[in-house]
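K.L.:
Sending over work-v6.txt (compact mmCIF, C-alpha atoms).
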# COMPACT_ATOMS: atom_id res chain seq x y z
CA MET O 1 12.86 10.82 22.24
CA ILE O 2 10.51 13.80 22.67
CA ILE O 3 10.95 14.68 19.02
CA THR O 4 10.12 11.14 17.95
CA CYS O 5 6.69 11.52 19.55
CA LEU O 6 6.06 14.61 17.46
CA VAL O 7 7.10 13.38 14.03
CA TYR O 8 3.59 13.85 12.66
CA ASP O 9 2.98 17.23 14.27
CA LYS O 10 4.61 19.79 12.00
CA ARG O 11 3.77 22.81 14.13
CA SER O 12 5.30 21.32 17.27
CA LEU O 13 8.34 20.20 15.32
CA LEU O 14 8.81 23.73 14.08
CA ALA O 15 8.65 25.05 17.64
CA CYS O 16 11.16 22.42 18.76
CA SER O 17 13.57 23.38 16.00
CA LEU O 18 13.62 26.94 17.33
CA THR O 19 14.34 25.91 20.93
CA CYS O 20 18.09 25.33 20.72
CA TYR O 21 20.78 24.08 18.38
CA SER O 22 20.63 20.42 19.43
CA TRP O 23 16.81 20.36 19.21
CA TYR O 24 17.09 21.95 15.79
CA PHE O 25 19.24 19.07 14.57
CA ALA O 26 16.85 16.53 16.07
CA ALA O 27 13.74 18.12 14.58
CA VAL O 28 14.84 19.28 11.16
CA PRO O 29 15.09 15.85 9.47
CA HIS O 30 11.44 15.19 10.38
CA LEU O 31 10.36 18.60 9.12
CA HIS O 32 11.85 17.91 5.74
CA HIS O 33 11.00 14.22 5.60
CA THR O 34 8.50 14.54 2.77
CA LEU O 35 8.09 16.56 -0.39
CA THR O 36 5.24 16.39 -2.88
CA THR O 37 4.73 18.28 -6.09
CA ASP O 38 1.68 20.48 -5.82
CA GLU O 39 -1.64 19.08 -6.88
CA TRP O 40 -3.61 20.86 -9.55
CA THR O 41 -7.31 21.22 -9.08
CA LEU O 42 -7.75 22.13 -12.74
CA PRO O 43 -5.72 21.03 -15.74
CA PRO O 44 -2.85 23.49 -16.17
CA LEU O 45 -2.64 25.40 -19.40
CA HIS O 46 0.68 24.01 -20.44
CA SER O 47 0.46 20.64 -18.70
CA ARG O 48 3.60 21.38 -16.78
CA LEU O 49 4.45 19.89 -13.47
CA ARG O 50 4.38 22.28 -10.55
CA TRP O 51 7.37 21.46 -8.42
CA PRO O 52 7.12 22.10 -4.67
CA ASN O 53 7.25 25.76 -3.79
CA PRO O 54 10.03 25.50 -1.22
CA LEU O 55 12.24 23.46 -3.53
CA ARG O 56 14.53 26.28 -4.53
CA LYS O 57 14.77 27.60 -0.98
CA SER O 58 15.38 24.09 0.39
CA TYR O 59 18.05 23.59 -2.23
CA THR O 60 19.76 26.85 -1.31
CA LEU O 61 19.68 25.97 2.38
CA GLY O 62 21.02 22.47 1.69
CA LEU O 63 17.92 20.78 3.12
CA LEU O 64 17.10 18.51 0.20
CA PRO O 65 19.42 15.69 1.36
CA LEU O 66 17.14 15.44 4.42
CA VAL O 67 14.13 14.49 2.29
CA LYS O 68 13.36 10.78 2.61
CA GLN O 69 10.15 10.64 0.63
CA PHE O 70 9.32 12.38 -2.62
CA ARG O 71 6.10 12.10 -4.58
CA ILE O 72 5.87 13.48 -8.09
CA ARG O 73 2.17 14.08 -8.44
CA ALA O 74 1.29 14.64 -12.07
CA GLU O 75 -2.47 14.56 -12.28
CA TYR O 76 -2.88 16.12 -15.69
CA CYS O 77 0.47 15.64 -17.37
CA GLU O 78 2.95 12.90 -18.03
CA PHE O 79 6.29 12.70 -16.35
CA GLY O 80 8.85 12.63 -19.11
CA LEU O 81 12.09 14.32 -19.99
CA ASP O 82 10.41 17.67 -20.63
CA GLN O 83 9.51 17.93 -16.92
CA LEU O 84 13.16 17.86 -15.93
CA ASN O 85 14.85 20.99 -17.22
CA TRP O 86 18.32 22.07 -16.16
CA CYS O 87 16.94 23.87 -13.13
CA THR O 88 14.61 21.22 -11.73
CA LEU O 89 17.15 18.52 -12.50
CA ARG O 90 19.64 20.38 -10.32
CA TYR O 91 17.16 20.32 -7.41
CA PHE O 92 16.15 16.73 -8.13
CA SER O 93 19.79 15.66 -8.11
CA ALA O 94 20.17 17.10 -4.61
CA LEU O 95 17.76 14.49 -3.21
CA THR O 96 20.64 12.21 -2.33
CA ASN O 97 19.10 10.31 0.59
CA LEU O 98 15.71 9.54 -0.82
CA GLN O 99 14.23 6.25 0.38
CA GLU O 100 10.74 6.39 -1.10
CA LEU O 101 9.84 7.72 -4.53
CA GLY O 102 6.38 7.98 -6.05
CA ILE O 103 5.89 9.00 -9.69
CA ASP O 104 2.57 9.54 -11.43
CA ASN O 105 2.28 8.94 -15.17
CA LEU O 106 5.90 7.97 -15.71
CA GLN O 107 6.82 7.72 -19.37
CA ALA O 108 9.39 4.99 -18.98
CA SER O 109 10.40 5.04 -22.65
CA GLU O 110 11.73 8.59 -22.39
CA PHE O 111 14.29 7.68 -19.74
CA VAL O 112 15.64 4.55 -21.40
CA PRO O 113 18.55 6.08 -23.33
CA ASN O 114 20.29 7.61 -20.32
CA PRO O 115 18.39 6.88 -17.09
CA ARG O 116 21.34 7.25 -14.73
CA ARG O 117 21.67 10.91 -15.61
CA TYR O 118 18.28 11.56 -14.03
CA PHE O 119 17.88 8.87 -11.39
CA GLY O 120 21.39 7.56 -10.76
CA HIS O 121 21.79 9.61 -7.56
CA LEU O 122 18.83 7.75 -6.02
CA ALA O 123 20.24 4.28 -6.65
CA PRO O 124 22.14 3.74 -3.37
CA THR O 125 19.31 4.68 -1.01
CA LEU O 126 15.96 4.07 -2.67
CA ARG O 127 13.97 1.27 -0.98
CA PHE O 128 10.43 1.89 -2.19
CA LEU O 129 9.18 2.81 -5.65
CA ALA O 130 5.52 3.62 -6.34
CA LEU O 131 4.48 4.04 -9.96
CA LYS O 132 0.99 5.29 -10.72
CA GLU O 133 -0.18 4.74 -14.29
CA PRO O 134 3.28 4.18 -15.78
CA THR O 135 3.37 3.93 -19.55
CA GLY O 136 5.86 2.11 -21.73
CA SER O 137 6.60 -1.45 -22.63
CA CYS O 138 7.14 -4.09 -19.94
CA ARG O 139 10.87 -4.12 -20.60
CA GLN O 140 11.10 -0.35 -20.37
CA ILE O 141 9.31 -0.28 -17.03
CA LEU O 142 11.46 -3.10 -15.66
CA TYR O 143 14.54 -1.36 -16.96
CA PHE O 144 13.49 1.64 -14.90
CA VAL O 145 12.89 -0.53 -11.82
CA GLY O 146 16.30 -2.12 -12.33
CA LEU O 147 17.95 1.28 -11.90
CA PHE O 148 17.63 0.90 -8.14
CA PRO O 149 19.74 -2.00 -6.87
CA ASN O 150 18.49 -1.76 -3.26
CA LEU O 151 14.78 -1.62 -3.96
CA GLN O 152 12.67 -3.66 -1.53
CA ASP O 153 9.06 -2.49 -1.98
CA LEU O 154 7.28 -1.94 -5.27
CA LYS O 155 3.88 -0.53 -6.07
CA PHE O 156 1.97 -0.32 -9.34
CA ASN O 157 -1.26 1.60 -9.25
CA TYR O 158 -3.60 1.87 -12.21
CA SER O 159 -6.96 3.56 -12.01
CA SER O 160 -8.65 1.00 -14.23
CA PRO O 161 -7.41 -2.34 -15.48
CA MET O 162 -7.36 -3.05 -19.17
CA ARG O 163 -6.84 -6.08 -21.31
CA GLU O 164 -3.15 -6.37 -21.95
CA GLN O 165 -2.05 -4.96 -25.28
CA ASP O 166 0.30 -7.03 -27.38
CA GLY O 167 2.97 -4.48 -28.05
CA VAL O 168 6.42 -4.87 -29.50
CA ASP O 169 8.92 -5.16 -26.69
CA ASP O 170 12.64 -4.61 -26.92
CA VAL O 171 13.99 -7.96 -25.75
CA ALA O 172 17.54 -6.63 -25.81
CA LEU O 173 16.68 -4.21 -23.00
CA VAL O 174 18.02 -5.80 -19.82
CA PRO O 175 17.85 -4.06 -16.41
CA LEU O 176 21.11 -2.65 -15.12
CA SER O 177 20.74 -4.45 -11.78
CA VAL O 178 18.57 -7.03 -10.04
CA PRO O 179 16.95 -5.39 -7.02
CA PRO O 180 16.30 -7.63 -4.00
CA LEU O 181 12.53 -6.84 -3.89
CA ARG O 182 11.99 -8.78 -0.65
CA GLY O 183 9.47 -6.38 0.87
CA ARG O 184 5.92 -5.57 -0.17
CA LEU O 185 4.36 -5.70 -3.60
CA THR O 186 1.22 -3.60 -3.97
CA LEU O 187 -0.84 -3.89 -7.12
CA THR O 188 -4.06 -2.03 -7.82
CA CYS O 189 -6.12 -2.53 -10.98
CA PHE O 190 -3.20 -4.37 -12.48
CA SER O 191 -3.65 -6.37 -15.66
CA ARG O 192 -0.16 -6.31 -17.14
CA ASN O 193 0.55 -10.00 -16.72
CA LYS O 194 3.48 -9.88 -19.12
CA LEU O 195 5.24 -7.36 -16.91
CA MET O 196 5.14 -9.84 -14.03
CA ARG O 197 6.25 -12.71 -16.26
CA ASP O 198 9.16 -10.60 -17.52
CA MET O 199 10.02 -9.67 -13.96
CA ILE O 200 10.32 -13.35 -13.06
CA VAL O 201 12.62 -13.93 -16.03
CA LEU O 202 14.77 -10.80 -15.71
CA PHE O 203 15.01 -10.64 -11.92
CA GLY O 204 15.39 -14.40 -11.43
CA GLY O 205 12.02 -15.01 -9.76
CA LEU O 206 9.86 -13.24 -7.21
CA ARG O 207 10.85 -12.96 -3.56
CA PHE O 208 8.26 -10.65 -1.99
CA ARG O 209 7.37 -11.33 1.65
CA SER O 210 4.19 -9.33 1.52
CA MET O 211 1.58 -8.63 -1.14
CA ASP O 212 -1.44 -6.37 -1.37
CA LEU O 213 -3.59 -7.26 -4.36
CA TYR O 214 -6.70 -5.50 -5.56
CA MET O 215 -8.19 -6.14 -8.98
CA VAL O 216 -5.18 -8.07 -10.23
CA THR O 217 -5.33 -10.53 -13.09
CA CYS O 218 -2.13 -12.47 -12.40
CA VAL O 219 -2.86 -13.57 -8.85
CA ARG O 220 -1.97 -17.20 -9.43
CA LEU O 221 1.32 -16.30 -11.08
CA LEU O 222 2.23 -14.10 -8.13
CA LEU O 223 1.19 -16.60 -5.47
CA ASP O 224 3.10 -19.40 -7.16
CA GLY O 225 6.10 -17.15 -7.74
CA CYS O 226 6.27 -16.10 -4.08
CA GLY O 227 5.23 -19.50 -2.68
CA LYS O 228 8.36 -19.88 -0.55
CA THR O 229 8.68 -16.32 0.67
CA LEU O 230 5.16 -14.93 1.11
CA GLU O 231 4.33 -14.23 4.75
CA THR O 232 1.59 -11.60 4.51
CA LEU O 233 -1.20 -11.31 2.00
CA ARG O 234 -3.82 -8.58 1.85
CA LEU O 235 -6.88 -9.29 -0.21
CA TYR O 236 -10.32 -7.78 -0.60
CA PRO O 237 -13.49 -9.87 -0.59
CA SER O 238 -15.23 -7.04 -2.41
CA ASP O 239 -12.70 -7.29 -5.24
CA PRO O 240 -14.87 -6.92 -8.36
CA TYR O 241 -12.22 -8.36 -10.62
CA SER O 242 -14.04 -11.56 -11.49
CA GLU O 243 -17.29 -9.93 -12.52
CA THR O 244 -15.60 -7.06 -14.33
CA PHE O 245 -13.11 -8.90 -16.45
CA PHE O 246 -13.93 -12.54 -16.67
CA PRO O 247 -17.70 -12.82 -16.42
CA GLN O 248 -17.60 -15.93 -18.57
CA ASP O 249 -14.77 -17.51 -16.63
CA LYS O 250 -16.55 -19.09 -13.70
CA VAL O 251 -15.76 -22.25 -11.86
CA VAL O 252 -18.52 -24.44 -10.53
CA VAL O 253 -18.03 -25.68 -7.00
CA ASN O 254 -20.30 -28.28 -5.53
CA MET Z 1 -23.22 -22.81 -7.09
CA ASP Z 2 -21.10 -20.41 -9.13
CA LYS Z 3 -17.91 -19.15 -7.53
CA PRO Z 4 -16.23 -16.16 -9.15
CA VAL Z 5 -12.85 -16.91 -10.60
CA LEU Z 6 -11.25 -14.73 -7.92
CA PHE Z 7 -11.53 -17.48 -5.32
CA ARG Z 8 -9.92 -20.03 -7.61
CA GLN Z 9 -7.06 -17.62 -8.23
CA PHE Z 10 -6.43 -17.17 -4.53
CA ASN Z 11 -5.26 -20.69 -3.91
CA LEU Z 12 -2.82 -20.41 -1.02
CA SER Z 13 -1.82 -24.06 -0.84
CA ARG Z 14 1.71 -23.28 -2.08
CA SER Z 15 2.28 -20.42 0.33
CA LYS Z 16 3.84 -22.53 3.06
CA SER Z 17 5.31 -19.62 4.97
CA LEU Z 18 2.12 -17.54 5.12
CA ARG Z 19 1.64 -16.04 8.60
CA THR Z 20 -0.77 -13.17 8.11
CA LEU Z 21 -3.89 -12.73 6.08
CA GLU Z 22 -5.10 -9.14 5.88
CA THR Z 23 -8.30 -7.62 4.68
CA THR Z 24 -10.21 -4.42 5.33
CA ALA Z 25 -13.38 -3.91 7.33
CA GLU Z 26 -14.75 -1.80 4.50
CA SER Z 27 -14.19 -4.57 1.98
CA VAL Z 28 -15.99 -7.09 4.19
CA THR Z 29 -18.96 -4.72 4.47
CA ILE Z 30 -19.08 -3.98 0.73
CA ALA Z 31 -18.93 -7.68 -0.12
CA GLY Z 32 -21.96 -8.23 2.11
CA ASP Z 33 -23.21 -11.80 2.19
CA ALA Z 34 -20.51 -12.90 -0.27
CA ALA Z 35 -17.72 -11.94 2.15
CA LEU Z 36 -18.03 -15.04 4.31
CA ASP Z 37 -18.16 -17.36 1.34
CA SER Z 38 -15.13 -15.84 -0.38
CA LEU Z 39 -12.97 -15.56 2.72
CA ARG Z 40 -13.85 -19.08 3.87
CA THR Z 41 -12.95 -20.46 0.45
CA ILE Z 42 -9.61 -18.67 0.42
CA LEU Z 43 -8.81 -19.56 4.04
CA SER Z 44 -9.55 -23.23 3.46
CA THR Z 45 -6.79 -23.40 0.83
CA THR Z 46 -4.04 -22.37 3.27
CA THR Z 47 -1.55 -25.06 4.20
CA SER Z 48 0.87 -23.01 6.27
CA PRO Z 49 1.75 -24.93 9.47
CA VAL Z 50 1.75 -21.85 11.73
CA LEU Z 51 -1.30 -20.28 13.37
CA LEU Z 52 -2.47 -17.53 11.02
CA ASP Z 53 -3.07 -13.97 12.09
CA LEU Z 54 -6.19 -12.55 10.50
CA VAL Z 55 -5.72 -8.78 10.46
CA ILE Z 56 -8.77 -6.64 9.83
CA VAL Z 57 -7.83 -3.11 8.86
CA TYR Z 58 -10.21 -0.38 9.97
CA TRP Z 59 -9.86 2.88 8.11
CA ASP Z 60 -11.03 6.25 9.38
CA SER Z 61 -14.51 5.78 7.95
CA ASP Z 62 -14.91 2.41 9.67
CA VAL Z 63 -14.34 3.49 13.23
CA ASP Z 64 -17.41 5.68 13.73
CA ILE Z 65 -15.50 8.68 14.99
CA ASN Z 66 -17.12 12.03 14.55
CA LEU Z 67 -15.14 14.65 16.42
CA ASP Z 68 -17.55 17.46 15.62
CA ARG Z 69 -20.78 16.14 17.04
CA GLU Z 70 -22.45 13.23 18.72
CA PRO Z 71 -23.61 10.75 16.06
CA GLU Z 72 -27.31 10.31 15.55
CA LEU Z 73 -29.09 7.23 16.79
CA GLU Z 74 -29.84 5.99 13.28
CA TYR Z 75 -26.20 6.28 12.28
CA ARG Z 76 -25.08 4.45 15.41
CA ALA Z 77 -27.51 1.65 14.72
CA ALA Z 78 -26.20 1.30 11.17
CA CYS Z 79 -22.61 1.16 12.48
CA ALA Z 80 -23.56 -1.47 15.05
CA LEU Z 81 -25.13 -3.57 12.30
CA ARG Z 82 -21.98 -3.32 10.19
CA HIS Z 83 -19.81 -4.43 13.10
CA GLN Z 84 -22.10 -7.33 13.87
CA HIS Z 85 -22.01 -8.44 10.26
CA ARG Z 86 -18.22 -8.44 10.31
CA PHE Z 87 -18.07 -10.39 13.55
CA THR Z 88 -20.43 -12.96 12.04
CA VAL Z 89 -18.09 -13.26 9.05
CA PHE Z 90 -15.06 -13.78 11.35
CA ARG Z 91 -16.87 -16.49 13.27
CA GLY Z 92 -17.85 -18.25 10.06
CA MET Z 93 -14.28 -18.06 8.77
CA HIS Z 94 -12.95 -19.74 11.88
CA GLY Z 95 -14.81 -22.87 10.84
CA ALA Z 96 -12.56 -23.14 7.78
CA ARG Z 97 -9.34 -22.68 9.70
CA ALA Z 98 -8.31 -21.44 13.16
CA PHE Z 99 -6.66 -18.02 13.40
CA ARG Z 100 -5.76 -15.21 15.77
CA LEU Z 101 -7.91 -12.17 15.20
CA VAL Z 102 -6.25 -8.75 15.10
CA LEU Z 103 -8.19 -5.52 14.67
CA CYS Z 104 -5.99 -2.77 13.27
CA ALA Z 105 -6.93 0.90 13.25
CA ASP Z 106 -5.23 2.48 10.24
CA VAL Z 107 -6.21 6.07 10.83
CA LEU Z 108 -4.93 9.60 10.82
CA ASP Z 109 -2.60 10.51 13.62
CA GLU Z 110 -5.03 12.66 15.57
CA THR Z 111 -7.65 9.92 15.82
CA VAL Z 112 -5.42 6.98 16.79
CA GLU Z 113 -6.37 7.08 20.48
CA SER Z 114 -10.10 7.32 19.91
CA ALA Z 115 -10.04 4.70 17.14
CA THR Z 116 -8.20 2.11 19.21
CA GLY Z 117 -10.43 2.98 22.17
CA MET Z 118 -13.50 2.35 20.06
CA LEU Z 119 -12.17 -0.97 18.79
CA LYS Z 120 -11.34 -2.06 22.33
CA GLN Z 121 -14.87 -1.18 23.40
CA LEU Z 122 -16.25 -3.22 20.54
CA VAL Z 123 -14.15 -6.21 21.55
CA LYS Z 124 -15.24 -5.89 25.17
CA ALA Z 125 -18.91 -5.61 24.27
CA GLU Z 126 -18.66 -8.68 22.08
CA LYS Z 127 -16.88 -10.53 24.88
CA VAL Z 128 -19.77 -9.80 27.24
CA ARG Z 129 -22.09 -11.35 24.68
CA GLY Z 130 -19.78 -14.37 24.48
CA GLY Z 131 -18.98 -13.61 20.87
CA TRP Z 132 -15.33 -14.65 21.08
CA SER Z 133 -15.94 -18.10 22.50
CA TYR Z 134 -14.71 -19.71 19.29
CA LEU Z 135 -11.26 -18.05 19.48
CA HIS Z 136 -8.31 -19.42 21.44
CA CYS Z 137 -7.50 -15.94 22.70
CA GLU Z 138 -9.24 -12.58 22.60
CA PRO Z 139 -8.65 -10.33 19.59
CA SER Z 140 -5.78 -7.87 19.76
CA VAL Z 141 -6.14 -4.21 18.89
CA ILE Z 142 -3.27 -2.46 17.16
CA ALA Z 143 -2.91 0.86 15.36
CA GLU Z 144 -1.03 2.24 12.43
CA ARG Z 145 -0.48 5.96 12.56
CA ARG Z 146 -0.90 7.86 9.34
CA SER Z 147 -0.60 11.50 8.44
CA SER Z 148 -2.02 12.85 5.23
CA ARG Z 149 0.96 15.15 4.78
CA ALA Z 150 3.65 12.87 6.10
CA ARG Z 151 2.94 9.83 3.97
CA PRO Z 152 1.62 10.97 0.61
CA ILE Z 153 2.79 7.89 -1.27
CA ASP Z 154 0.25 5.73 0.50
CA SER Z 155 -3.11 5.43 -1.06
CA ARG Z 156 -5.98 3.04 -0.76
CA PRO Z 157 -6.57 0.20 -1.17
CA GLY Z 158 -2.89 -0.69 -1.00
CA SER Z 159 -0.67 0.30 1.84
CA VAL Z 160 3.06 0.26 2.01
CA ASP Z 161 5.49 0.66 4.84
CA ARG Z 162 3.30 2.24 7.43
CA ARG Z 163 4.70 2.63 10.89
CA LEU Z 164 3.32 0.35 13.53
CA VAL Z 165 3.12 2.52 16.59
CA CYS Z 166 1.33 0.53 19.21
CA ALA Z 167 0.34 -3.03 19.66
CA SER Z 168 -1.65 -3.83 22.74
CA ALA Z 169 -3.40 -7.05 23.51
CA LEU Z 170 -6.51 -6.41 25.52
Can you turn what I pasted into structure tokens?
P.N.:
Amino acid sequence: MIITCLVYDKRSLLACSLTCYSWYFAAVPHLHHTLTTDEWTLPPLHSRLRWPNPLRKSYTLGLLPLVKQFRIRAEYCEFGLDQLNWCTLRYFSALTNLQELGIDNLQASEFVPNPRRYFGHLAPTLRFLALKEPTGSCRQILYFVGLFPNLQDLKFNYSSPMREQDGVDDVALVPLSVPPLRGRLTLTCFSRNKLMRDMIVLFGGLRFRSMDLYMVTCVRLLLDGCGKTLETLRLYPSDPYSETFFPQDKVVVN
Amino acid sequence: MDKPVLFRQFNLSRSKSLRTLETTAESVTIAGDAALDSLRTILSTTTSPVLLDLVIVYWDSDVDINLDREPELEYRAACALRHQHRFTVFRGMHGARAFRLVLCADVLDETVESATGMLKQLVKAEKVRGGWSYLHCEPSVIAERRSSRARPIDSRPGSVDRRLVCASAL
């Protein structure tokens, strides 16, 4: 109970872990709750991801299964197959109890041929997936989402919305599972309406209980899709979506 | 009068199980005079049979906490104006549909106590002025604890799976 009060205080947790063996076991899961790849302040020369410094040490000490949340921050590079070499893949595969995963600049197309090799170990436990600026066709992204059969919360974050591009999509690509997705959907600067329409078709409808929508172009589709399940909605009166994207599309109200 | 398409999109008439409508204090301030109009329009479309909770999320920058020094008079006056504007918006919204008002401090761990304290003070001060007379019950103040290191997946304006740590009705 004492440890629970200190979950956000890393220094105190560290002190607790050194007190005795039982306190060590109580404190250590909180100490290793979160991992994030290091953030670059300047674009790296080779656009390579910098994996967390303690990763190798944590792997050696067997601490990676304690990590519940992992964020792959890739500010200046894309996250594709070339970021997972034999060494980092070995560490990544040790994250066997991950519940929350965030990936920046995911190149979904690169993982389509054999996704389970890279993400299969996360399938039983992952509840929350946050994708920032994912690239790839709608089917490829949904195929990636469908890798995680217990997923509840989903987040798509784009830095600026764009008119949807009419790209060629592989209609034969069907997700490996239908995640429940009954938690929270968070969309920021989201204009990929087709992705949501495909999600309704491939996952048999939308069932989110909570939504957080900012600068989203498919609001009506989402609200209608979650009509029976939606309990919480976050919206922003300062949402500039109307002026930015549909200046001509106004409705006159008396 | 022109209404941006946003309000037409947010038609909540089909959301029969809606219980909570959330927005952020910052967003209300940025929207300025348009905030009342937009929120009233959206609220008036709700058909959910239950009493709605209107949750206003206050981020670190909205709760006027400066741990380093006492804020200047000019700054305090500006903050007071912002709060008054928001309270005016809430009152106007209530005309469209009744709701329970909840003020939520979504701040870094070390400022949770001071942020909730400040929100409670605001509520009390408004009560003295009779500002809550239109509500069935006084606003509640709750807090969501956040640590910049502990929850790196979260980012504004969306928020996912934050831990509710205290909920105290005044």
K.L.:
If I take CA of Glu113 in chain Z and CA of Thr24 in chain Z, how far is one from the other in Å, to one decimal?
P.N.:
19.4 Å
K.L.:
Find the distance between CA of Ala105 in chain Z and CA of Ala80 in chain Z and write it in Å to one decimal.
P.N.:
16.9 Å
K.L.:
Would you work out the distance separating CA of Leu81 in chain Z from CA of Ala98 in chain Z, expressed in Å to one decimal?
P.N.:
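A separation of 24.6 Å between them.
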K.L.:
Quick one: everything within 7 Å of range 135-151 of chain O, counting only C-alpha atoms, minus sequence neighbours fewer than 5 positions away in the same chain. Send it as a PyMOL selection string.
P.N.:
chain O and resi 105-109+112+123-128+169-170+173-181+194-195+199
K.L.:
Deliver the residues from the most recent selection as a file, using C-alpha atoms, as a PDB file, in the frame of the given file.
P.N.:
ATOM      1  CA  ASN O 105       2.280   8.940 -15.170  1.00  0.00           C
ATOM      2  CA  LEU O 106       5.900   7.970 -15.710  1.00  0.00           C
ATOM      3  CA  GLN O 107       6.820   7.720 -19.370  1.00  0.00           C
ATOM      4  CA  ALA O 108       9.390   4.990 -18.980  1.00  0.00           C
ATOM      5  CA  SER O 109      10.400   5.040 -22.650  1.00  0.00           C
ATOM      6  CA  VAL O 112      15.640   4.550 -21.400  1.00  0.00           C
ATOM      7  CA  ALA O 123      20.240   4.280  -6.650  1.00  0.00           C
ATOM      8  CA  PRO O 124      22.140   3.740  -3.370  1.00  0.00           C
ATOM      9  CA  THR O 125      19.310   4.680  -1.010  1.00  0.00           C
ATOM     10  CA  LEU O 126      15.960   4.070  -2.670  1.00  0.00           C
ATOM     11  CA  ARG O 127      13.970   1.270  -0.980  1.00  0.00           C
ATOM     12  CA  PHE O 128      10.430   1.890  -2.190  1.00  0.00           C
ATOM     13  CA  ASP O 169       8.920  -5.160 -26.690  1.00  0.00           C
ATOM     14  CA  ASP O 170      12.640  -4.610 -26.920  1.00  0.00           C
ATOM     15  CA  LEU O 173      16.680  -4.210 -23.000  1.00  0.00           C
ATOM     16  CA  VAL O 174      18.020  -5.800 -19.820  1.00  0.00           C
ATOM     17  CA  PRO O 175      17.850  -4.060 -16.410  1.00  0.00           C
ATOM     18  CA  LEU O 176      21.110  -2.650 -15.120  1.00  0.00           C
ATOM     19  CA  SER O 177      20.740  -4.450 -11.780  1.00  0.00           C
ATOM     20  CA  VAL O 178      18.570  -7.030 -10.040  1.00  0.00           C
ATOM     21  CA  PRO O 179      16.950  -5.390  -7.020  1.00  0.00           C
ATOM     22  CA  PRO O 180      16.300  -7.630  -4.000  1.00  0.00           C
ATOM     23  CA  LEU O 181      12.530  -6.840  -3.890  1.00  0.00           C
ATOM     24  CA  LYS O 194       3.480  -9.880 -19.120  1.00  0.00           C
ATOM     25  CA  LEU O 195       5.240  -7.360 -16.910  1.00  0.00           C
ATOM     26  CA  MET O 199      10.020  -9.670 -13.960  1.00  0.00           C
TER      27      MET O 199
END
K.L.:
Could you give me, as a count of residues only, the residues within 12 Å of Glu126 in chain Z, counting only C-alpha atoms and dropping anything in the same chain fewer than 2 positions from it?
P.N.:
21
K.L.:
So which residues touch Gly62 in chain O within 10 Å, counting all atoms listed in the file, skipping near sequence neighbours fewer than 5 positions away, as a list in words?
P.N.:
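Result of the neighbour search: Arg56, Lys57, Ala94 and Leu95 of chain O.
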K.L.:
Counting only C-alpha atoms, figure out which residue out of Z:Glu144, Z:Glu72, Z:Asp109, Z:Asp64 gets nearest to chain O.
P.N.:
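Of the candidates, the smallest distance to chain O is held by Z:Asp109.
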K.L.:
With a distance cut-off of 8 Å and all atoms listed in the file, select the neighbouring residues of Lys228 in chain O, excluding the residue or stretch itself and same-chain residues fewer than 6 positions from it, and output the selection as a PyMOL selection string.
P.N.:
(chain O and resi 207) or (chain Z and resi 14-17)
K.L.:
Quick one: residues within 12 Å of (-10.0, -0.3, 20.6) (file frame), counting only C-alpha atoms, please, as a VMD selection string.
P.N.:
chain Z and resid 58 63 to 65 102 to 106 111 to 125 139 to 143 166 to 170
K.L.:
Do a neighbour search on His85 in chain Z at 12 Å with all atoms listed in the file, toss out local chain neighbours closer than 6 positions, and write the hits as a list in words.
P.N.:
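What passes the distance filter is Ala25, Glu26, Val28, Thr29, Ile30, Ala31, Gly32, Asp33, Ala34, Ala35, Leu36, Ala78, Cys79, Arg91 and Gly92 of chain Z.
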K.L.:
Which residue, O:Tyr236, O:Tyr24, O:Phe190, O:Tyr158, has the smallest gap to chain Z when you use only C-alpha atoms?
P.N.:
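Looking only at the distances to chain Z, the closest residue turns out to be O:Tyr236.
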K.L.:
Which residue gives the smallest distance to chain Z among O:Arg116, O:Lys10, O:Leu64, O:Leu202, with only C-alpha atoms counted?
P.N.:
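Ranking O:Arg116, O:Lys10, O:Leu64, O:Leu202 by distance to chain Z, first place goes to O:Lys10.
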K.L.:
Pick from O:Thr186, O:Ser12, O:Ser238, O:Thr60: nearest to Leu31 in chain O, with only C-alpha atoms counted?
P.N.:
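The shortest atom-to-atom distance to Leu31 in chain O comes from O:Ser12.
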K.L.:
Between Z:Val55, Z:Leu43, Z:Leu18, Z:Leu12, which one has atoms that come closest to chain O, using only C-alpha atoms?
P.N.:
Z:Leu18
K.L.:
Given the choices O:Leu14, O:Ala172, O:Leu89, O:Ala130, which gets closest to chain Z if the distance is worked out from all atoms listed in the file?
P.N.:
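Ranking O:Leu14, O:Ala172, O:Leu89, O:Ala130 by distance to chain Z, first place goes to O:Ala130.
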K.L.:
Counting all atoms listed in the file, I want the residues whose atoms come within 10 Å of (0.5, -21.6, 16.8) in the file frame, returned as a list of chain:residue names.
P.N.:
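Counting all atoms listed in the file, I find these residues within 10 Å of (0.5, -21.6, 16.8): Z:Arg19, Z:Pro49, Z:Val50, Z:Leu51, Z:Leu52, Z:Asp53, Z:Ala98, Z:Phe99, Z:Arg100.
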